[in-house]
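query_36.pdb, holding PDB, C-alpha atoms:
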ATOM      1  CA  MET E   1      14.306  29.344 -16.634
ATOM      2  CA  ALA E   2      13.563  31.334 -13.456
ATOM      3  CA  SER E   3       9.821  31.187 -14.153
ATOM      4  CA  VAL E   4      10.026  27.393 -14.570
ATOM      5  CA  ARG E   5      11.819  27.093 -11.205
ATOM      6  CA  ARG E   6       9.192  29.317  -9.526
ATOM      7  CA  SER E   7       6.393  27.294 -11.088
ATOM      8  CA  LEU E   8       7.978  24.003 -10.019
ATOM      9  CA  ARG E   9       8.625  25.315  -6.495
ATOM     10  CA  GLY E  10       4.965  26.381  -6.249
ATOM     11  CA  TYR E  11       3.840  22.948  -7.409
ATOM     12  CA  CYS E  12       6.088  21.201  -4.870
ATOM     13  CA  GLU E  13       4.785  23.441  -2.082
ATOM     14  CA  ARG E  14       1.162  22.634  -3.027
ATOM     15  CA  VAL E  15       1.919  18.892  -3.084
ATOM     16  CA  THR E  16       3.677  19.099   0.298
ATOM     17  CA  GLU E  17       0.730  20.993   1.785
ATOM     18  CA  ALA E  18      -1.776  18.522   0.325
ATOM     19  CA  LEU E  19       0.162  15.544   1.713
ATOM     20  CA  ALA E  20       0.398  17.181   5.155
ATOM     21  CA  ARG E  21      -3.356  17.759   5.094
ATOM     22  CA  ALA E  22      -3.971  14.135   4.073
ATOM     23  CA  GLU E  23      -1.696  12.822   6.835
ATOM     24  CA  ALA E  24      -3.531  14.947   9.413
ATOM     25  CA  LEU E  25      -6.729  13.054   8.548
ATOM     26  CA  ILE E  26      -5.279   9.731   9.801
ATOM     27  CA  ARG E  27      -6.495   9.089  13.353
ATOM     28  CA  THR E  28      -4.585   7.137  15.972
ATOM     29  CA  ILE E  29      -6.857   4.934  18.061
ATOM     30  CA  PRO E  30      -5.132   3.722  21.258
ATOM     31  CA  ASP E  31      -5.604   0.156  22.507
ATOM     32  CA  TYR E  32      -7.323  -1.165  19.378
ATOM     33  CA  PRO E  33      -7.735  -4.019  18.553
ATOM     34  CA  GLU E  34      -5.991  -4.890  21.810
ATOM     35  CA  GLN E  35      -4.276  -3.182  24.731
ATOM     36  CA  GLY E  36      -1.013  -1.462  23.783
ATOM     37  CA  VAL E  37      -1.705  -1.243  20.027
ATOM     38  CA  MET E  38      -1.925   2.195  18.400
ATOM     39  CA  PHE E  39      -4.277   1.593  15.446
ATOM     40  CA  ARG E  40      -3.987   3.962  12.473
ATOM     41  CA  ASP E  41      -7.495   4.718  11.186
ATOM     42  CA  ILE E  42      -7.303   5.805   7.551
ATOM     43  CA  THR E  43     -11.078   6.043   6.979
ATOM     44  CA  PRO E  44     -11.195   9.858   7.351
ATOM     45  CA  LEU E  45      -8.511  10.105   4.645
ATOM     46  CA  LEU E  46     -10.459   7.704   2.410
ATOM     47  CA  ALA E  47     -13.612   9.818   2.856
ATOM     48  CA  ASP E  48     -11.859  12.980   1.602
ATOM     49  CA  ALA E  49     -11.638  12.904  -2.202
ATOM     50  CA  ALA E  50      -8.802  15.430  -2.497
ATOM     51  CA  ALA E  51      -6.718  13.725   0.197
ATOM     52  CA  LEU E  52      -7.314  10.281  -1.306
ATOM     53  CA  ARG E  53      -6.344  11.483  -4.788
ATOM     54  CA  CYS E  54      -3.191  13.085  -3.365
ATOM     55  CA  VAL E  55      -1.988   9.945  -1.565
ATOM     56  CA  ILE E  56      -2.846   7.684  -4.501
ATOM     57  CA  ASP E  57      -0.722   9.885  -6.752
ATOM     58  CA  ALA E  58       2.115   9.823  -4.192
ATOM     59  CA  MET E  59       1.911   6.026  -3.892
ATOM     60  CA  ILE E  60       2.274   5.398  -7.628
ATOM     61  CA  GLU E  61       4.303   8.336  -8.941
ATOM     62  CA  PRO E  62       7.703   6.576  -8.774
ATOM     63  CA  PHE E  63       6.361   3.526 -10.633
ATOM     64  CA  GLU E  64       4.112   4.865 -13.408
ATOM     65  CA  GLY E  65       4.218   2.694 -16.509
ATOM     66  CA  ARG E  66       6.268  -0.053 -14.836
ATOM     67  CA  TYR E  67       3.444  -2.475 -13.909
ATOM     68  CA  ASP E  68       0.623  -4.404 -15.594
ATOM     69  CA  VAL E  69      -1.580  -5.045 -12.567
ATOM     70  CA  VAL E  70      -1.977  -3.945  -8.949
ATOM     71  CA  ALA E  71      -2.142  -6.586  -6.205
ATOM     72  CA  GLY E  72      -3.809  -5.338  -3.030
ATOM     73  CA  VAL E  73      -3.343  -7.003   0.347
ATOM     74  CA  GLU E  74      -6.419  -7.575   2.523
ATOM     75  CA  ALA E  75      -8.173  -5.578   3.780
ATOM     76  CA  ARG E  76      -7.394  -1.879   3.720
ATOM     77  CA  GLY E  77      -4.847  -2.528   0.978
ATOM     78  CA  PHE E  78      -7.816  -3.408  -1.268
ATOM     79  CA  LEU E  79      -9.211   0.098  -0.904
ATOM     80  CA  LEU E  80      -5.969   1.770  -1.914
ATOM     81  CA  ALA E  81      -5.176  -0.796  -4.617
ATOM     82  CA  GLY E  82      -8.589  -0.334  -6.235
ATOM     83  CA  ALA E  83      -8.095   3.416  -6.464
ATOM     84  CA  ILE E  84      -4.546   2.953  -7.753
ATOM     85  CA  ALA E  85      -5.600   0.425 -10.410
ATOM     86  CA  THR E  86      -8.372   2.735 -11.602
ATOM     87  CA  ARG E  87      -6.041   5.756 -11.698
ATOM     88  CA  ALA E  88      -3.366   3.762 -13.575
ATOM     89  CA  GLY E  89      -5.784   2.063 -15.977
ATOM     90  CA  VAL E  90      -4.741  -1.460 -14.985
ATOM     91  CA  GLY E  91      -6.421  -4.406 -13.298
ATOM     92  CA  LEU E  92      -6.596  -5.371  -9.641
ATOM     93  CA  VAL E  93      -5.809  -8.732  -8.034
ATOM     94  CA  PRO E  94      -6.840  -9.203  -4.395
ATOM     95  CA  ILE E  95      -4.545 -11.041  -2.011
ATOM     96  CA  ARG E  96      -6.822 -12.465   0.662
ATOM     97  CA  LYS E  97      -6.672 -14.184   4.003
ATOM     98  CA  ALA E  98      -7.101 -17.963   3.824
ATOM     99  CA  GLY E  99     -10.622 -19.220   3.198
ATOM    100  CA  LYS E 100     -11.982 -16.017   1.606
ATOM    101  CA  LEU E 101     -11.556 -16.923  -2.067
ATOM    102  CA  PRO E 102     -13.762 -19.431  -3.930
ATOM    103  CA  ARG E 103     -10.888 -20.872  -5.994
ATOM    104  CA  PRO E 104      -7.476 -20.074  -4.549
ATOM    105  CA  ALA E 105      -4.672 -21.028  -6.937
ATOM    106  CA  ALA E 106      -1.803 -20.474  -4.535
ATOM    107  CA  SER E 107      -1.201 -19.788  -0.872
ATOM    108  CA  VAL E 108       1.699 -18.803   1.361
ATOM    109  CA  ASP E 109       2.016 -19.253   5.116
ATOM    110  CA  TYR E 110       3.900 -16.684   7.163
ATOM    111  CA  ALA E 111       4.757 -15.982  10.776
ATOM    112  CA  LEU E 112       3.172 -13.340  12.965
ATOM    113  CA  GLU E 113       4.263 -12.204  16.409
ATOM    114  CA  TYR E 114       1.541 -14.391  17.878
ATOM    115  CA  GLY E 115       1.256 -17.342  15.463
ATOM    116  CA  THR E 116       0.958 -17.952  11.742
ATOM    117  CA  ALA E 117      -1.342 -16.826   8.964
ATOM    118  CA  THR E 118      -1.988 -17.727   5.341
ATOM    119  CA  ILE E 119      -2.716 -15.547   2.335
ATOM    120  CA  GLU E 120      -4.125 -16.704  -0.989
ATOM    121  CA  ALA E 121      -4.726 -15.446  -4.524
ATOM    122  CA  HIS E 122      -6.450 -16.597  -7.680
ATOM    123  CA  ASP E 123      -4.400 -17.345 -10.779
ATOM    124  CA  ASP E 124      -5.180 -13.920 -12.275
ATOM    125  CA  ILE E 125      -1.482 -13.090 -12.055
ATOM    126  CA  THR E 126       0.228 -14.868 -14.915
ATOM    127  CA  ARG E 127       3.832 -15.704 -15.734
ATOM    128  CA  GLY E 128       5.860 -12.576 -16.429
ATOM    129  CA  MET E 129       3.162 -10.137 -15.318
ATOM    130  CA  ARG E 130       4.624  -6.996 -13.718
ATOM    131  CA  VAL E 131       2.939  -6.371 -10.362
ATOM    132  CA  LEU E 132       2.702  -3.311  -8.135
ATOM    133  CA  LEU E 133       2.087  -4.667  -4.621
ATOM    134  CA  VAL E 134       0.004  -2.344  -2.405
ATOM    135  CA  ASP E 135      -0.938  -2.334   1.267
ATOM    136  CA  ASP E 136      -1.930   0.290   3.784
ATOM    137  CA  VAL E 137       0.808  -0.171   6.403
ATOM    138  CA  LEU E 138       4.317  -1.578   6.620
ATOM    139  CA  ALA E 139       4.492  -2.845  10.208
ATOM    140  CA  THR E 140       6.604  -5.953  10.856
ATOM    141  CA  GLY E 141       6.981  -6.739   7.139
ATOM    142  CA  GLY E 142       5.750 -10.331   7.295
ATOM    143  CA  THR E 143       2.565  -9.815   5.303
ATOM    144  CA  LEU E 144       4.304  -7.900   2.523
ATOM    145  CA  GLN E 145       7.082 -10.474   2.292
ATOM    146  CA  ALA E 146       4.497 -13.278   2.070
ATOM    147  CA  ALA E 147       2.576 -11.346  -0.602
ATOM    148  CA  ARG E 148       5.768 -10.949  -2.651
ATOM    149  CA  GLU E 149       6.361 -14.690  -2.374
ATOM    150  CA  LEU E 150       2.757 -15.431  -3.379
ATOM    151  CA  VAL E 151       3.041 -13.267  -6.511
ATOM    152  CA  GLY E 152       6.223 -15.169  -7.384
ATOM    153  CA  VAL E 153       4.533 -18.559  -6.888
ATOM    154  CA  LEU E 154       1.915 -17.459  -9.422
ATOM    155  CA  GLY E 155       4.662 -16.464 -11.887
ATOM    156  CA  GLY E 156       4.385 -12.702 -11.500
ATOM    157  CA  ASP E 157       7.203 -10.258 -10.896
ATOM    158  CA  VAL E 158       6.778  -7.683  -8.101
ATOM    159  CA  VAL E 159       8.371  -4.616  -9.672
ATOM    160  CA  ALA E 160       7.539  -2.331  -6.740
ATOM    161  CA  THR E 161       5.799  -2.246  -3.375
ATOM    162  CA  SER E 162       3.976   0.828  -2.131
ATOM    163  CA  VAL E 163       2.277   1.495   1.196
ATOM    164  CA  LEU E 164       0.496   4.469   2.666
ATOM    165  CA  MET E 165       2.297   4.407   6.020
ATOM    166  CA  GLU E 166       5.299   2.788   7.670
ATOM    167  CA  LEU E 167       5.332   2.166  11.428
ATOM    168  CA  VAL E 168       9.083   2.587  11.816
ATOM    169  CA  SER E 169       9.329   1.302  15.402
ATOM    170  CA  LEU E 170       8.114  -2.163  14.320
ATOM    171  CA  GLY E 171      11.139  -2.734  12.073
ATOM    172  CA  GLY E 172       9.370  -4.013   8.959
ATOM    173  CA  ARG E 173      12.062  -2.650   6.653
ATOM    174  CA  ALA E 174      14.419  -5.370   7.866
ATOM    175  CA  ILE E 175      12.111  -7.944   6.221
ATOM    176  CA  ALA E 176      10.668  -5.805   3.406
ATOM    177  CA  PRO E 177      13.444  -3.308   2.565
ATOM    178  CA  ASP E 178      12.351  -2.049  -0.848
ATOM    179  CA  VAL E 179       9.020  -0.459   0.066
ATOM    180  CA  HIS E 180       7.919   2.997  -1.014
ATOM    181  CA  THR E 181       6.040   4.787   1.777
ATOM    182  CA  VAL E 182       4.110   8.040   1.736
ATOM    183  CA  PHE E 183       4.021   8.629   5.523
ATOM    184  CA  THR E 184       6.018   7.346   8.481
ATOM    185  CA  ALA E 185       4.956   7.118  12.092
TER     186      ALA E 185
END
Output the structure of this file as structure tokens.
Amino acid sequence: MASVRRSLRGYCERVTEALARAEALIRTIPDYPEQGVMFRDITPLLADAAALRCVIDAMIEPFEGRYDVVAGVEARGFLLAGAIATRAGVGLVPIRKAGKLPRPAASVDYALEYGTATIEAHDDITRGMRVLLVDDVLATGGTLQAARELVGVLGGDVVATSVLMELVSLGGRAIAPDVHTVFTA
């Protein structure tokens, strides 16, 4: 039993170290895309195979076997969702900004701090399909809440939502409370 505990402790330490290394690859770009915004650039993390594999595993570990398809929210959510779908052996459904799909089946409007936006999806999500919703960042929560609604309009059931990073100061958990996050900032 003691050797199992030592082995497990060693594994947990390696995972913690790998996640810390992955998080260190995320750059903060001040004043992008506009003054006062601190943009989180995940491209260095995406370019590092070991770091990407580590965060993908951390994003899906609590939900393995509970979903039939991954729905990724535009745009950086697509990158993570594609890797997750491949790793899990399931399909991928993109949730896009309005006007980007050739045959949108459903759309949902939602409020932003500075106006409104619309997201759309094809009818590739069918009634009763179990969906893992994926995005890169939980900020104000509006996009994730709209994506959940869109999956429901199509007949799917969002069984879990997973994001790479939560920007805690923006309060998105008040709107999207049940979100699994790997990192917080």
- prompt: Counting all atoms listed in the file, what is within 8 Å of segment 76-85 of chain E, bar same-chain residues fewer than 3 positions away, as number ranges by chain?
  reply: E: 56-57, 60, 69-73, 88-92, 94, 134-136
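Among E:Ala139, E:Val37, E:Leu112, E:Ala105, the residue with the shortest atom-to-atom distance to Asp124 of chain E, counting all atoms listed in the file, is E:Ala105.
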Distance query Gly99 of chain E at most 10 Å, all atoms listed in the file, self and fewer than 4 positions along chain excluded, as number ranges by chain: E: 103-104, 118-120
message: Could you list, as a list in words, every residue matched by the PyMOL selection byres ((chain E and resi 42) around 8) in this structure?
response: Leu25, Ile26, Arg27, Arg40, Asp41, Thr43, Pro44, Leu45 and Leu46 of chain E
query: Which residues match the PyMOL selection byres ((chain E and resi 164-180) around 7) in the file above, as a list in words?
result: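 Here the PyMOL selection byres ((chain E and resi 164-180) around 7) matches Met59, Asp136, Val137, Leu138, Ala139, Thr140, Gly141, Gly142, Leu144, Gln145, Thr161, Ser162, Val163, Thr181, Val182, Phe183, Thr184 and Ala185 of chain E.
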Any chance you could export the current selection's C-alpha atoms as a short mmCIF file (atom, residue, chain, number, x, y, z; two decimals), in the coordinates of the input?
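That gives us again29.cif:
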data_model
loop_
_atom_site.label_atom_id
_atom_site.label_comp_id
_atom_site.auth_asym_id
_atom_site.auth_seq_id
_atom_site.Cartn_x
_atom_site.Cartn_y
_atom_site.Cartn_z
CA MET E 59 1.91 6.03 -3.89
CA ASP E 136 -1.93 0.29 3.78
CA VAL E 137 0.81 -0.17 6.40
CA LEU E 138 4.32 -1.58 6.62
CA ALA E 139 4.49 -2.84 10.21
CA THR E 140 6.60 -5.95 10.86
CA GLY E 141 6.98 -6.74 7.14
CA GLY E 142 5.75 -10.33 7.30
CA LEU E 144 4.30 -7.90 2.52
CA GLN E 145 7.08 -10.47 2.29
CA THR E 161 5.80 -2.25 -3.38
CA SER E 162 3.98 0.83 -2.13
CA VAL E 163 2.28 1.50 1.20
CA THR E 181 6.04 4.79 1.78
CA VAL E 182 4.11 8.04 1.74
CA PHE E 183 4.02 8.63 5.52
CA THR E 184 6.02 7.35 8.48
CA ALA E 185 4.96 7.12 12.09
#
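Here the PyMOL selection byres ((chain E and resi 54) around 8) catches exactly these residues: Val15, Ala18, Leu19, Ala22, Ala50, Ala51, Leu52, Arg53, Val55, Ile56, Asp57 and Ala58 of chain E.
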Export of prior selection with C-alpha atoms as a short mmCIF file (atom, residue, chain, number, x, y, z; two decimals), in the coordinates of the input:
data_model
loop_
_atom_site.label_atom_id
_atom_site.label_comp_id
_atom_site.auth_asym_id
_atom_site.auth_seq_id
_atom_site.Cartn_x
_atom_site.Cartn_y
_atom_site.Cartn_z
CA VAL E 15 1.92 18.89 -3.08
CA ALA E 18 -1.78 18.52 0.32
CA LEU E 19 0.16 15.54 1.71
CA ALA E 22 -3.97 14.14 4.07
CA ALA E 50 -8.80 15.43 -2.50
CA ALA E 51 -6.72 13.72 0.20
CA LEU E 52 -7.31 10.28 -1.31
CA ARG E 53 -6.34 11.48 -4.79
CA VAL E 55 -1.99 9.94 -1.56
CA ILE E 56 -2.85 7.68 -4.50
CA ASP E 57 -0.72 9.88 -6.75
CA ALA E 58 2.12 9.82 -4.19
#
message: As an exercise, work out the distance from atom CA of Arg130 of chain E to atom CA of Tyr110 of chain E in Å and give it to one decimal place.
response: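 Between atom CA of Arg130 of chain E and atom CA of Tyr110 of chain E the gap works out to 23.0 Å.
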task: Go ahead and compute the interatomic distance for atom CA of Thr86 of chain E and atom CA of Tyr67 of chain E, in Å to one decimal.
output: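 Value for the atom CA of Thr86 of chain E-atom CA of Tyr67 of chain E distance: 13.1 Å.
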